[in-house]
$ cat data-v9.cif   # mmCIF, C-alpha atoms
data_my_file
#
loop_
_atom_site.label_atom_id
_atom_site.label_comp_id
_atom_site.auth_asym_id
_atom_site.auth_seq_id
_atom_site.Cartn_x
_atom_site.Cartn_y
_atom_site.Cartn_z
CA MET A 148 -15.65 5.46 -30.73
CA ALA A 149 -14.46 7.83 -28.02
CA GLY A 150 -10.92 7.43 -26.81
CA LYS A 151 -10.00 6.29 -23.33
CA VAL A 152 -9.43 8.58 -20.41
CA ARG A 153 -6.18 7.43 -18.90
CA VAL A 154 -3.32 8.07 -16.56
CA SER A 155 0.04 6.87 -17.90
CA SER A 156 3.58 6.71 -16.60
CA TYR A 157 2.49 8.24 -13.33
CA ALA A 158 5.28 7.65 -10.82
CA VAL A 159 4.64 7.07 -7.15
CA SER A 160 7.11 6.36 -4.38
CA ALA A 161 7.01 3.07 -2.47
CA ASP A 162 5.32 4.91 0.37
CA GLY A 163 2.61 6.20 -1.95
CA PHE A 164 3.47 9.77 -2.86
CA GLY A 165 3.01 11.24 -6.34
CA ALA A 166 5.24 14.24 -5.62
CA GLY A 167 7.50 15.40 -2.84
CA PRO A 168 6.72 18.26 -0.46
CA ASP A 169 7.53 21.95 -1.01
CA GLN A 170 7.19 22.31 -4.77
CA SER A 171 9.00 25.40 -6.07
CA LEU A 172 10.67 26.77 -9.16
CA GLU A 173 13.82 24.87 -8.19
CA THR A 174 12.03 21.66 -7.20
CA PRO A 175 9.10 21.29 -9.63
CA LEU A 176 8.51 17.70 -8.46
CA GLY A 177 8.79 18.60 -4.79
CA VAL A 178 11.76 17.79 -2.59
CA GLY A 179 13.07 14.34 -3.52
CA GLY A 180 10.42 13.95 -6.21
CA GLU A 181 12.86 13.48 -9.07
CA GLY A 182 13.87 10.14 -7.52
CA MET A 183 10.53 8.67 -8.51
CA HIS A 184 11.20 9.43 -12.15
CA ARG A 185 14.56 7.70 -12.38
CA TRP A 186 12.87 4.87 -14.29
CA PHE A 187 11.67 7.31 -16.96
CA PHE A 188 14.70 9.51 -17.71
CA PRO A 189 16.89 6.76 -19.24
CA THR A 190 14.16 5.44 -21.55
CA ALA A 191 14.41 5.84 -25.31
CA THR A 192 10.97 7.48 -25.14
CA PHE A 193 12.11 10.21 -22.76
CA GLN A 194 15.42 10.68 -24.53
CA SER A 195 13.69 11.11 -27.88
CA MET A 196 11.53 13.85 -26.34
CA TYR A 197 14.16 15.79 -24.42
CA GLY A 198 17.50 14.14 -24.49
CA ALA A 199 20.63 13.88 -26.47
CA GLY A 200 21.31 10.17 -26.15
CA GLN A 201 19.62 7.13 -27.63
CA GLY A 202 18.05 5.97 -24.41
CA GLU A 203 17.32 2.43 -23.31
CA THR A 204 14.67 0.05 -24.53
CA GLY A 205 13.02 -2.59 -22.35
CA VAL A 206 9.98 -2.89 -20.11
CA ASP A 207 10.25 0.63 -18.68
CA ASP A 208 10.52 2.08 -22.16
CA ASP A 209 7.59 -0.01 -23.43
CA PHE A 210 5.38 1.54 -20.77
CA ALA A 211 6.75 5.03 -21.40
CA ARG A 212 6.04 4.67 -25.13
CA ARG A 213 2.53 3.30 -24.58
CA GLY A 214 1.91 6.35 -22.40
CA MET A 215 2.66 8.78 -25.22
CA ALA A 216 0.90 6.91 -28.05
CA GLY A 217 -2.51 7.83 -29.42
CA LEU A 218 -3.11 10.93 -27.32
CA GLY A 219 -5.46 13.67 -28.53
CA ALA A 220 -5.54 15.87 -25.41
CA TRP A 221 -4.08 16.21 -21.94
CA ILE A 222 -5.52 17.48 -18.68
CA LEU A 223 -3.18 18.83 -16.01
CA GLY A 224 -3.68 20.28 -12.58
CA ARG A 225 -2.40 23.80 -12.35
CA ASN A 226 0.56 22.78 -10.17
CA MET A 227 1.79 20.54 -12.99
CA PHE A 228 1.94 23.61 -15.22
CA ALA A 229 3.31 26.25 -12.85
CA HIS A 230 4.99 26.73 -9.50
CA SER A 231 3.01 29.93 -8.90
CA ARG A 232 -0.25 29.90 -6.95
CA GLY A 233 -3.27 32.20 -6.99
CA PRO A 234 -4.26 34.64 -9.76
CA TRP A 235 -2.05 34.75 -12.85
CA PRO A 236 -0.07 37.99 -13.24
CA GLU A 237 -1.66 40.16 -15.94
CA ASP A 238 1.36 39.93 -18.19
CA ASP A 239 2.31 36.35 -17.37
CA LYS A 240 5.54 35.20 -18.96
CA TRP A 241 5.23 31.68 -17.55
CA LYS A 242 4.65 29.19 -20.35
CA GLY A 243 5.10 25.95 -18.41
CA TRP A 244 8.14 23.88 -17.48
CA TRP A 245 8.85 22.52 -20.94
CA GLY A 246 10.52 25.33 -22.92
CA GLU A 247 9.47 26.67 -26.31
CA GLU A 248 8.39 23.33 -27.74
CA PRO A 249 6.55 21.26 -25.12
CA PRO A 250 6.24 17.51 -25.73
CA TYR A 251 2.43 17.45 -25.77
CA ARG A 252 1.83 18.51 -29.40
CA CYS A 253 -1.93 18.67 -28.84
CA PRO A 254 -4.39 20.63 -26.68
CA VAL A 255 -3.59 20.67 -22.95
CA PHE A 256 -6.32 21.70 -20.52
CA ILE A 257 -5.08 23.19 -17.25
CA LEU A 258 -7.41 23.04 -14.25
CA THR A 259 -7.28 26.35 -12.40
CA HIS A 260 -9.44 28.67 -10.36
CA HIS A 261 -8.08 31.65 -12.30
CA ALA A 262 -8.92 32.34 -15.93
CA ARG A 263 -6.16 33.02 -18.43
CA PRO A 264 -6.24 33.23 -22.23
CA SER A 265 -5.22 30.16 -24.23
CA PHE A 266 -1.93 30.27 -26.08
CA GLU A 267 -0.12 28.10 -28.58
CA MET A 268 3.46 26.87 -28.45
CA LYS A 269 5.82 25.53 -31.09
CA GLY A 270 5.04 21.97 -32.18
CA GLY A 271 1.28 22.16 -31.81
CA THR A 272 0.80 22.31 -28.03
CA VAL A 273 -2.04 24.68 -27.09
CA PHE A 274 -2.54 25.48 -23.41
CA HIS A 275 -6.13 26.14 -22.35
CA PHE A 276 -7.17 27.20 -18.85
CA VAL A 277 -10.39 25.72 -17.48
CA THR A 278 -12.05 27.25 -14.44
CA GLU A 279 -15.31 25.24 -14.50
CA GLY A 280 -13.97 22.05 -12.89
CA ILE A 281 -12.89 18.54 -13.87
CA GLU A 282 -16.00 17.54 -15.82
CA ALA A 283 -15.93 20.67 -17.95
CA ALA A 284 -12.26 20.09 -18.66
CA LEU A 285 -12.97 16.51 -19.68
CA GLU A 286 -15.77 17.60 -22.01
CA ARG A 287 -13.50 20.07 -23.75
CA ALA A 288 -10.72 17.49 -23.92
CA ARG A 289 -13.11 14.95 -25.48
CA ALA A 290 -14.21 17.44 -28.09
CA ALA A 291 -10.57 18.15 -28.91
CA ALA A 292 -9.38 14.54 -28.87
CA GLY A 293 -12.08 12.91 -30.95
CA ASP A 294 -11.25 9.20 -31.17
CA LEU A 295 -7.87 9.61 -29.54
CA ASP A 296 -7.17 9.12 -25.85
CA ILE A 297 -7.16 11.77 -23.16
CA ARG A 298 -4.33 11.61 -20.68
CA ILE A 299 -4.76 12.93 -17.15
CA GLY A 300 -1.20 14.04 -16.49
CA GLY A 301 -1.52 14.74 -12.77
CA GLY A 302 -0.78 15.81 -10.13
CA ALA A 303 -1.96 13.43 -7.48
CA GLU A 304 -4.90 15.57 -6.41
CA THR A 305 -6.18 15.90 -9.97
CA ILE A 306 -5.95 12.14 -10.53
CA ARG A 307 -7.72 11.51 -7.22
CA GLN A 308 -10.56 13.80 -8.25
CA TYR A 309 -11.04 12.03 -11.58
CA LEU A 310 -10.84 8.59 -9.93
CA THR A 311 -13.36 9.59 -7.28
CA ALA A 312 -15.71 10.74 -10.02
CA GLY A 313 -15.21 7.39 -11.79
CA LEU A 314 -14.01 9.14 -14.92
CA ILE A 315 -10.73 7.31 -15.50
CA ASP A 316 -10.75 4.20 -17.68
CA GLU A 317 -7.19 3.05 -17.18
CA MET A 318 -4.28 4.04 -14.99
CA HIS A 319 -0.66 3.02 -15.38
CA ILE A 320 1.38 3.62 -12.24
CA ALA A 321 5.13 3.19 -12.03
CA VAL A 322 6.02 2.35 -8.44
CA SER A 323 9.58 3.48 -7.80
CA PRO A 324 11.82 1.98 -5.11
CA VAL A 325 12.25 5.23 -3.23
CA LEU A 326 10.79 6.68 -0.05
CA LEU A 327 9.56 10.24 0.10
CA GLY A 328 8.18 10.40 3.63
CA ARG A 329 6.06 13.46 2.86
CA GLY A 330 4.38 14.94 -0.18
CA GLU A 331 1.28 14.48 -2.28
CA PRO A 332 -0.30 11.11 -1.47
CA LEU A 333 -1.94 9.23 -4.32
CA TRP A 334 -3.75 6.40 -2.50
CA ALA A 335 -4.64 7.88 0.89
CA GLY A 336 -8.34 7.65 1.66
CA LEU A 337 -9.13 6.51 -1.88
CA ASP A 338 -11.04 3.21 -1.91
CA LEU A 339 -10.28 2.09 -5.46
CA LEU A 340 -12.03 -1.25 -5.01
CA ALA A 341 -15.24 0.48 -3.97
CA LEU A 342 -14.83 2.83 -6.94
CA GLY A 343 -14.87 -0.20 -9.22
CA TYR A 344 -11.19 -0.54 -10.04
CA ASP A 345 -8.73 -3.38 -9.76
CA ILE A 346 -5.27 -4.33 -10.97
CA ARG A 347 -5.12 -5.75 -14.48
CA GLU A 348 -1.43 -6.06 -15.00
CA SER A 349 1.72 -5.99 -12.91
CA MET A 350 5.16 -6.11 -14.44
CA ALA A 351 8.68 -5.57 -13.16
CA GLY A 352 10.60 -3.04 -15.19
CA GLU A 353 14.29 -2.24 -15.04
CA ARG A 354 13.82 0.56 -12.47
CA ALA A 355 10.16 0.45 -11.39
CA THR A 356 7.23 -1.90 -10.95
CA HIS A 357 4.44 -1.18 -13.41
CA LEU A 358 0.81 -1.54 -12.40
CA VAL A 359 -2.12 -1.14 -14.75
CA ILE A 360 -5.36 -0.41 -12.95
CA GLY A 361 -8.66 -0.60 -14.76
CA ARG A 362 -12.34 -1.00 -14.20
CA LYS A 363 -13.34 -4.36 -12.78
CA GLU A 364 -14.64 -6.66 -15.46
CA THR A 365 -18.38 -6.93 -15.24
CA VAL A 366 -19.96 -9.95 -16.87
CA MET B 322 26.61 -8.86 19.51
CA ALA B 323 22.89 -8.25 19.79
CA GLY B 324 20.71 -9.52 16.97
CA LYS B 325 18.84 -7.22 14.63
CA VAL B 326 15.30 -6.05 15.19
CA ARG B 327 13.57 -6.67 11.92
CA VAL B 328 10.36 -6.92 9.97
CA SER B 329 10.39 -9.66 7.35
CA SER B 330 8.02 -10.89 4.67
CA TYR B 331 5.51 -8.23 5.61
CA ALA B 332 3.03 -7.97 2.77
CA VAL B 333 1.36 -4.73 1.77
CA SER B 334 -1.08 -4.04 -1.02
CA ALA B 335 -0.18 -1.70 -3.87
CA ASP B 336 -2.33 0.94 -2.18
CA GLY B 337 -0.40 0.58 1.05
CA PHE B 338 -2.47 -1.59 3.38
CA GLY B 339 -0.98 -4.25 5.63
CA ALA B 340 -4.34 -5.92 6.26
CA GLY B 341 -7.87 -5.62 4.97
CA PRO B 342 -10.77 -4.17 6.95
CA ASP B 343 -13.10 -6.09 9.27
CA GLN B 344 -10.81 -8.73 10.74
CA SER B 345 -12.76 -11.64 12.20
CA LEU B 346 -12.45 -15.33 12.96
CA GLU B 347 -13.35 -16.06 9.34
CA THR B 348 -11.11 -13.35 7.86
CA PRO B 349 -8.02 -13.17 10.06
CA LEU B 350 -6.24 -10.99 7.49
CA GLY B 351 -9.22 -8.71 7.00
CA VAL B 352 -11.48 -8.75 3.97
CA GLY B 353 -9.36 -9.30 0.86
CA GLY B 354 -6.20 -9.50 2.96
CA GLU B 355 -5.23 -13.00 1.82
CA GLY B 356 -4.60 -11.60 -1.66
CA MET B 357 -1.52 -9.83 -0.38
CA HIS B 358 -0.02 -13.13 0.72
CA ARG B 359 -0.34 -14.91 -2.61
CA TRP B 360 3.40 -14.49 -3.12
CA PHE B 361 4.13 -16.37 0.11
CA PHE B 362 1.82 -19.39 0.02
CA PRO B 363 3.47 -21.14 -2.96
CA THR B 364 7.02 -20.77 -1.60
CA ALA B 365 9.01 -23.77 -0.46
CA THR B 366 9.48 -21.94 2.85
CA PHE B 367 5.76 -21.65 3.51
CA GLN B 368 5.05 -25.16 2.25
CA SER B 369 7.68 -26.65 4.54
CA MET B 370 6.02 -24.90 7.47
CA TYR B 371 2.38 -25.67 6.76
CA GLY B 372 1.88 -27.36 3.46
CA ALA B 373 1.85 -30.70 1.83
CA GLY B 374 3.63 -29.88 -1.41
CA GLN B 375 7.25 -29.08 -2.19
CA GLY B 376 6.69 -25.43 -2.88
CA GLU B 377 8.52 -23.21 -5.32
CA THR B 378 12.01 -21.82 -5.11
CA GLY B 379 13.04 -18.46 -6.56
CA VAL B 380 13.23 -14.84 -5.46
CA ASP B 381 10.02 -14.92 -3.42
CA ASP B 382 11.19 -18.03 -1.62
CA ASP B 383 14.64 -16.56 -0.98
CA PHE B 384 13.04 -13.65 0.86
CA ALA B 385 10.63 -15.92 2.72
CA ARG B 386 13.52 -18.10 3.88
CA ARG B 387 15.66 -15.14 4.94
CA GLY B 388 12.67 -13.99 6.98
CA MET B 389 12.60 -17.18 9.04
CA ALA B 390 16.35 -17.65 9.51
CA GLY B 391 18.22 -16.76 12.67
CA LEU B 392 15.25 -15.72 14.78
CA GLY B 393 15.39 -15.86 18.57
CA ALA B 394 12.12 -14.13 19.42
CA TRP B 395 9.03 -12.60 17.84
CA ILE B 396 6.86 -9.65 18.81
CA LEU B 397 3.24 -9.54 17.63
CA GLY B 398 0.43 -7.11 18.11
CA ARG B 399 -2.50 -8.69 19.84
CA ASN B 400 -4.62 -8.69 16.68
CA MET B 401 -2.05 -10.91 15.01
CA PHE B 402 -2.61 -13.46 17.74
CA ALA B 403 -6.37 -13.29 18.19
CA HIS B 404 -9.56 -12.04 16.62
CA SER B 405 -11.00 -11.24 20.04
CA ARG B 406 -10.69 -7.77 21.56
CA GLY B 407 -10.69 -6.53 25.15
CA PRO B 408 -10.02 -8.61 28.29
CA TRP B 409 -9.18 -12.29 27.79
CA PRO B 410 -11.86 -14.68 29.05
CA GLU B 411 -10.77 -16.26 32.34
CA ASP B 412 -10.58 -19.72 30.87
CA ASP B 413 -9.35 -18.74 27.43
CA LYS B 414 -9.14 -21.60 24.96
CA TRP B 415 -7.69 -19.42 22.20
CA LYS B 416 -4.12 -20.43 21.48
CA GLY B 417 -3.52 -18.41 18.31
CA TRP B 418 -4.25 -19.07 14.66
CA TRP B 419 -1.54 -21.66 14.11
CA GLY B 420 -2.82 -24.91 15.63
CA GLU B 421 -1.04 -27.12 18.18
CA GLU B 422 2.45 -26.59 16.77
CA PRO B 423 2.95 -22.96 15.73
CA PRO B 424 5.80 -22.20 13.33
CA TYR B 425 7.64 -19.80 15.66
CA ARG B 426 9.55 -22.37 17.78
CA CYS B 427 10.85 -19.66 20.11
CA PRO B 428 9.40 -17.07 22.52
CA VAL B 429 6.66 -14.86 21.07
CA PHE B 430 5.76 -11.66 22.90
CA ILE B 431 2.20 -10.45 22.36
CA LEU B 432 1.48 -6.75 22.91
CA THR B 433 -1.80 -6.40 24.77
CA HIS B 434 -3.52 -4.19 27.30
CA HIS B 435 -4.78 -7.26 29.15
CA ALA B 436 -2.55 -9.57 31.15
CA ARG B 437 -2.67 -13.31 30.55
CA PRO B 438 -0.38 -16.11 31.76
CA SER B 439 2.33 -17.36 29.40
CA PHE B 440 1.88 -20.82 27.89
CA GLU B 441 3.95 -23.18 25.81
CA MET B 442 2.99 -24.98 22.63
CA LYS B 443 4.38 -28.01 20.87
CA GLY B 444 7.64 -27.36 19.03
CA GLY B 445 9.03 -24.79 21.46
CA THR B 446 6.80 -21.77 20.86
CA VAL B 447 6.05 -19.95 24.12
CA PHE B 448 3.48 -17.17 24.06
CA HIS B 449 4.05 -14.33 26.51
CA PHE B 450 1.69 -11.40 27.03
CA VAL B 451 3.24 -7.99 27.58
CA THR B 452 1.14 -5.14 28.95
CA GLU B 453 3.95 -2.61 29.55
CA GLY B 454 4.29 -1.41 25.96
CA ILE B 455 6.58 -1.84 22.96
CA GLU B 456 9.89 -1.04 24.68
CA ALA B 457 9.25 -3.49 27.50
CA ALA B 458 8.35 -6.16 24.96
CA LEU B 459 11.57 -5.48 23.04
CA GLU B 460 13.65 -5.73 26.22
CA ARG B 461 12.14 -9.08 27.06
CA ALA B 462 12.58 -10.24 23.47
CA ARG B 463 16.25 -9.21 23.50
CA ALA B 464 16.85 -11.12 26.71
CA ALA B 465 15.23 -14.17 25.16
CA ALA B 466 16.88 -13.90 21.75
CA GLY B 467 20.48 -13.30 22.80
CA ASP B 468 22.53 -12.97 19.63
CA LEU B 469 19.68 -14.00 17.37
CA ASP B 470 17.34 -11.60 15.59
CA ILE B 471 13.99 -10.36 16.82
CA ARG B 472 11.20 -10.26 14.28
CA ILE B 473 8.37 -7.77 14.59
CA GLY B 474 5.61 -9.80 12.99
CA GLY B 475 2.99 -7.08 12.75
CA GLY B 476 0.33 -5.91 12.39
CA ALA B 477 0.68 -2.59 10.66
CA GLU B 478 0.05 -0.55 13.80
CA THR B 479 2.68 -2.46 15.79
CA ILE B 480 5.26 -1.98 13.03
CA ARG B 481 4.39 1.73 12.83
CA GLN B 482 4.94 2.12 16.55
CA TYR B 483 8.35 0.46 16.42
CA LEU B 484 9.37 2.49 13.35
CA THR B 485 8.26 5.73 14.96
CA ALA B 486 10.36 4.88 18.00
CA GLY B 487 13.33 4.19 15.68
CA LEU B 488 13.65 0.66 17.05
CA ILE B 489 13.61 -1.31 13.79
CA ASP B 490 16.95 -2.04 12.10
CA GLU B 491 15.68 -3.59 8.88
CA MET B 492 12.33 -4.07 7.22
CA HIS B 493 11.51 -6.34 4.30
CA ILE B 494 8.23 -5.48 2.64
CA ALA B 495 6.62 -7.55 -0.10
CA VAL B 496 4.48 -5.24 -2.20
CA SER B 497 1.71 -7.30 -3.78
CA PRO B 498 -0.08 -6.32 -6.99
CA VAL B 499 -3.50 -6.11 -5.37
CA LEU B 500 -5.71 -3.25 -4.23
CA LEU B 501 -7.46 -3.35 -0.88
CA GLY B 502 -9.13 0.05 -0.81
CA ARG B 503 -9.56 -0.01 2.95
CA GLY B 504 -7.80 -1.60 5.88
CA GLU B 505 -4.75 -1.08 8.05
CA PRO B 506 -2.42 1.42 6.35
CA LEU B 507 1.29 0.87 6.75
CA TRP B 508 2.75 4.10 5.34
CA ALA B 509 0.12 6.74 6.10
CA GLY B 510 1.50 9.66 8.06
CA LEU B 511 4.81 7.89 8.64
CA ASP B 512 7.78 9.96 7.44
CA LEU B 513 10.34 7.18 7.07
CA LEU B 514 12.94 9.50 5.59
CA ALA B 515 12.73 11.80 8.60
CA LEU B 516 12.93 8.74 10.84
CA GLY B 517 16.28 7.93 9.26
CA TYR B 518 15.30 5.11 6.90
CA ASP B 519 15.73 4.55 3.20
CA ILE B 520 15.48 1.77 0.65
CA ARG B 521 18.51 -0.51 0.44
CA GLU B 522 17.30 -3.11 -1.98
CA SER B 523 14.48 -3.56 -4.45
CA MET B 524 13.92 -6.80 -6.29
CA ALA B 525 11.14 -8.19 -8.43
CA GLY B 526 9.96 -11.58 -7.25
CA GLU B 527 7.64 -14.00 -9.01
CA ARG B 528 4.50 -12.58 -7.35
CA ALA B 529 5.59 -9.46 -5.42
CA THR B 530 8.14 -6.68 -5.42
CA HIS B 531 10.52 -6.94 -2.50
CA LEU B 532 11.81 -3.84 -0.74
CA VAL B 533 14.40 -3.84 2.00
CA ILE B 534 14.32 -0.69 4.09
CA GLY B 535 17.12 0.08 6.51
CA ARG B 536 18.72 2.91 8.39
CA LYS B 537 20.39 5.49 6.16
CA GLU B 538 24.12 4.98 5.98
CA THR B 539 25.89 7.53 8.10
CA VAL B 540 29.52 8.14 7.33
#
$ encode --input "data-v9.cif" --output "structure tokens"
Amino acid sequence: MAGKVRVSSYAVSADGFGAGPDQSLETPLGVGGEGMHRWFFPTATFQSMYGAGQGETGVDDDFARRGMAGLGAWILGRNMFAHSRGPWPEDDKWKGWWGEEPPYRCPVFILTHHARPSFEMKGGTVFHFVTEGIEAALERARAAAGDLDIRIGGGAETIRQYLTAGLIDEMHIAVSPVLLGRGEPLWAGLDLLALGYDIRESMAGERATHLVIGRKETV
Amino acid sequence: MAGKVRVSSYAVSADGFGAGPDQSLETPLGVGGEGMHRWFFPTATFQSMYGAGQGETGVDDDFARRGMAGLGAWILGRNMFAHSRGPWPEDDKWKGWWGEEPPYRCPVFILTHHARPSFEMKGGTVFHFVTEGIEAALERARAAAGDLDIRIGGGAETIRQYLTAGLIDEMHIAVSPVLLGRGEPLWAGLDLLALGYDIRESMAGERATHLVIGRKETV
């Protein structure tokens, strides 16, 4: 059985933005964007990936852990991988935001208009660059993931494209109690009801409200 | 001391709509819009206003009760008062959605492009029709409310106009775990941070997440 295609632990602000404006090397999540992720940083799941401390357990951590479990491949928009835009420099030193040993530990397919050779990092993460669009990336991710799930990591525009194409099976959104005012909107102009989705689960966490969106049940 | 200008118990869907599409006599909240209000109907506050039962107490009810306390005047967009559009019929029988004894029990100022005489209902509600715009309506509401608060009841477009003009002191939003897909957007294109607002309080209720938005503290 093929794994699910899912979005997990995707944080949006109360006013509906998935990232702040003006992404740069200094502000990879856009201006103010880190505020949306305040629910995630203290979790035991995040701390075990990056941190020094033990981290907290609870509802937020349960969702964070579910988001990392059973994954066989990731798909990321190029802006999730790099702050640069346009063609890759010939001798590109940029290996992503995550240091020598990224937390993915499986194939990661980056959507881009500019080809670049694949490369492998410590811990099993392999970055591939896909120029043929979202369906081609999903096909390659399926082949890599086998029975495991494929996680669409973001950003907002990438998720919107996959939702619009009806290719996402399940989406966990963490709504954070912050305002961004500007940035990358997740919901704007996206008629999720018409696309066949509704809300399956809603749960208050310690620092965010968790929504699980799935395909409407058809009898 | 003048009362606050506030929005209270204003429900939005998870995807940011304050009402569904296609408002009509049969669907005053727009198609699917009643789903956003599911947190409000069971509360003791709502039941004491309209219902037969006792209603439930708890976080949702606390917010609903705060929303009704200390009010001296309301301001409503015309679509909150009527499903009709355009000039009022000369002998208009429409007295609002709320029956003979509306729950306001104070002056209610309706924003409209079409003049209509004021009239009083049982229980002290007086409907006034203001054609000179949002600031004129607020002036009249202030004069009527004295030291009590003024509640901007909605709809989304009316709230957006008052926010854009910087005239709202406090806004309580109940974010409901439903998707609408289409309708009247509350947040779209509104940079609340730039307008000087941020989130003061976030609390999980029984059936909605409550956000209180206020002016940023200035030292």
$ resolve_selection --input "data-v9.cif" --expression "the PyMOL selection byres ((chain A) within 7 of (chain B))" --output "PyMOL selection string"
chain A and resi 162+324-329+334+337-341+345-346+349+351
$ closest_atom_pairs --input "data-v9.cif" --of "range 163-263 of chain A" --to "range 307-318 of chain A" --cutoff "12 Å" --atoms "only C-alpha atoms" --output "CSV"
residue,atom,partner,partner_atom,distance
A:Gly165,CA,A:Arg307,CA,10.8
A:Phe210,CA,A:Met318,CA,11.5
A:Arg213,CA,A:Met318,CA,11.8
A:Gly214,CA,A:Met318,CA,9.9
A:Ile222,CA,A:Tyr309,CA,10.5
A:Leu223,CA,A:Tyr309,CA,11.3
A:Gly224,CA,A:Gln308,CA,10.4
A:Leu258,CA,A:Gln308,CA,11.5
$ closest_residue --input "data-v9.cif" --among "A:Ala166, A:Met227, A:Ala149, A:Ala211" --to "His319 in chain A" --atoms "all atoms listed in the file"
A:Ala211
$ resolve_selection --input "data-v9.cif" --expression "the PyMOL selection byres ((chain B and resi 361-366) around 7)" --output "list of chain:residue names"
B:His358, B:Arg359, B:Trp360, B:Phe367, B:Gln368, B:Ser369, B:Met370, B:Gln375, B:Gly376, B:Glu377, B:Thr378, B:Asp381, B:Asp382, B:Ala385, B:Arg386
$ write_last_selection --input "data-v9.cif" --atoms "C-alpha atoms" --output "PDB file, in the coordinates of the input"
ATOM      1  CA  HIS B 358      -0.020 -13.130   0.720  1.00  0.00           C
ATOM      2  CA  ARG B 359      -0.340 -14.910  -2.610  1.00  0.00           C
ATOM      3  CA  TRP B 360       3.400 -14.490  -3.120  1.00  0.00           C
ATOM      4  CA  PHE B 367       5.760 -21.650   3.510  1.00  0.00           C
ATOM      5  CA  GLN B 368       5.050 -25.160   2.250  1.00  0.00           C
ATOM      6  CA  SER B 369       7.680 -26.650   4.540  1.00  0.00           C
ATOM      7  CA  MET B 370       6.020 -24.900   7.470  1.00  0.00           C
ATOM      8  CA  GLN B 375       7.250 -29.080  -2.190  1.00  0.00           C
ATOM      9  CA  GLY B 376       6.690 -25.430  -2.880  1.00  0.00           C
ATOM     10  CA  GLU B 377       8.520 -23.210  -5.320  1.00  0.00           C
ATOM     11  CA  THR B 378      12.010 -21.820  -5.110  1.00  0.00           C
ATOM     12  CA  ASP B 381      10.020 -14.920  -3.420  1.00  0.00           C
ATOM     13  CA  ASP B 382      11.190 -18.030  -1.620  1.00  0.00           C
ATOM     14  CA  ALA B 385      10.630 -15.920   2.720  1.00  0.00           C
ATOM     15  CA  ARG B 386      13.520 -18.100   3.880  1.00  0.00           C
TER      16      ARG B 386
END
$ resolve_selection --input "data-v9.cif" --expression "the PyMOL selection byres ((chain B and resi 410-413) around 12)" --output "list in words"
Ala403, Ser405, Arg406, Gly407, Pro408, Trp409, Lys414, Trp415, Lys416, Gly417, His435, Ala436, Arg437, Pro438, Ser439 and Phe440 of chain B
$ atom_distance --input "data-v9.cif" --atom1 "CA of Trp244 in chain A" --atom2 "CA of Val206 in chain A"
27.0 Å
$ residues_near_point --input "data-v9.cif" --point "(25.7, -10.0, 22.1)" --cutoff "7 Å" --atoms "only C-alpha atoms" --output "VMD selection string"
chain B and resid 322 to 323 467 to 468
$ atom_distance --input "data-v9.cif" --atom1 "CA of Glu173 in chain A" --atom2 "CA of Gly246 in chain A"
15.1 Å
$ residues_near_point --input "data-v9.cif" --point "(2.7, -10.0, 19.5)" --cutoff "10 Å" --atoms "only C-alpha atoms" --output "ChimeraX atom specification"
/B:395-403,429-433,448-451,455,458,472-476,479
$ atom_distance --input "data-v9.cif" --atom1 "CA of Val159 in chain A" --atom2 "CA of Leu176 in chain A"
11.4 Å
$ residues_around --input "data-v9.cif" --residues "Pro250 in chain A" --least-positions-apart "6" --cutoff "9 Å" --atoms "only C-alpha atoms" --output "list in words"
Met196, Tyr197, Gly270 and Thr272 of chain A
$ decode --input "data-v9.cif" --residues "range 358-376 of chain B" --atoms "C-alpha atoms" --output "mmCIF file, in the first residue's frame"
data_model
loop_
_atom_site.group_PDB
_atom_site.id
_atom_site.type_symbol
_atom_site.label_atom_id
_atom_site.label_comp_id
_atom_site.auth_asym_id
_atom_site.auth_seq_id
_atom_site.Cartn_x
_atom_site.Cartn_y
_atom_site.Cartn_z
ATOM 1 C CA HIS B 358 -21.210 29.829 15.460
ATOM 2 C CA ARG B 359 -21.448 26.339 16.915
ATOM 3 C CA TRP B 360 -19.322 27.489 19.847
ATOM 4 C CA PHE B 361 -21.844 30.214 20.704
ATOM 5 C CA PHE B 362 -25.237 28.498 20.471
ATOM 6 C CA PRO B 363 -24.760 26.123 23.433
ATOM 7 C CA THR B 364 -23.510 28.842 25.799
ATOM 8 C CA ALA B 365 -25.574 29.956 28.769
ATOM 9 C CA THR B 366 -25.220 33.497 27.418
ATOM 10 C CA PHE B 367 -26.823 32.651 24.086
ATOM 11 C CA GLN B 368 -29.462 30.435 25.673
ATOM 12 C CA SER B 369 -30.488 33.178 28.088
ATOM 13 C CA MET B 370 -30.948 35.509 25.126
ATOM 14 C CA TYR B 371 -32.821 33.239 22.751
ATOM 15 C CA GLY B 372 -33.067 29.733 24.001
ATOM 16 C CA ALA B 373 -35.136 27.500 26.135
ATOM 17 C CA GLY B 374 -32.408 25.531 27.890
ATOM 18 C CA GLN B 375 -29.921 26.483 30.576
ATOM 19 C CA GLY B 376 -26.918 26.495 28.326
#
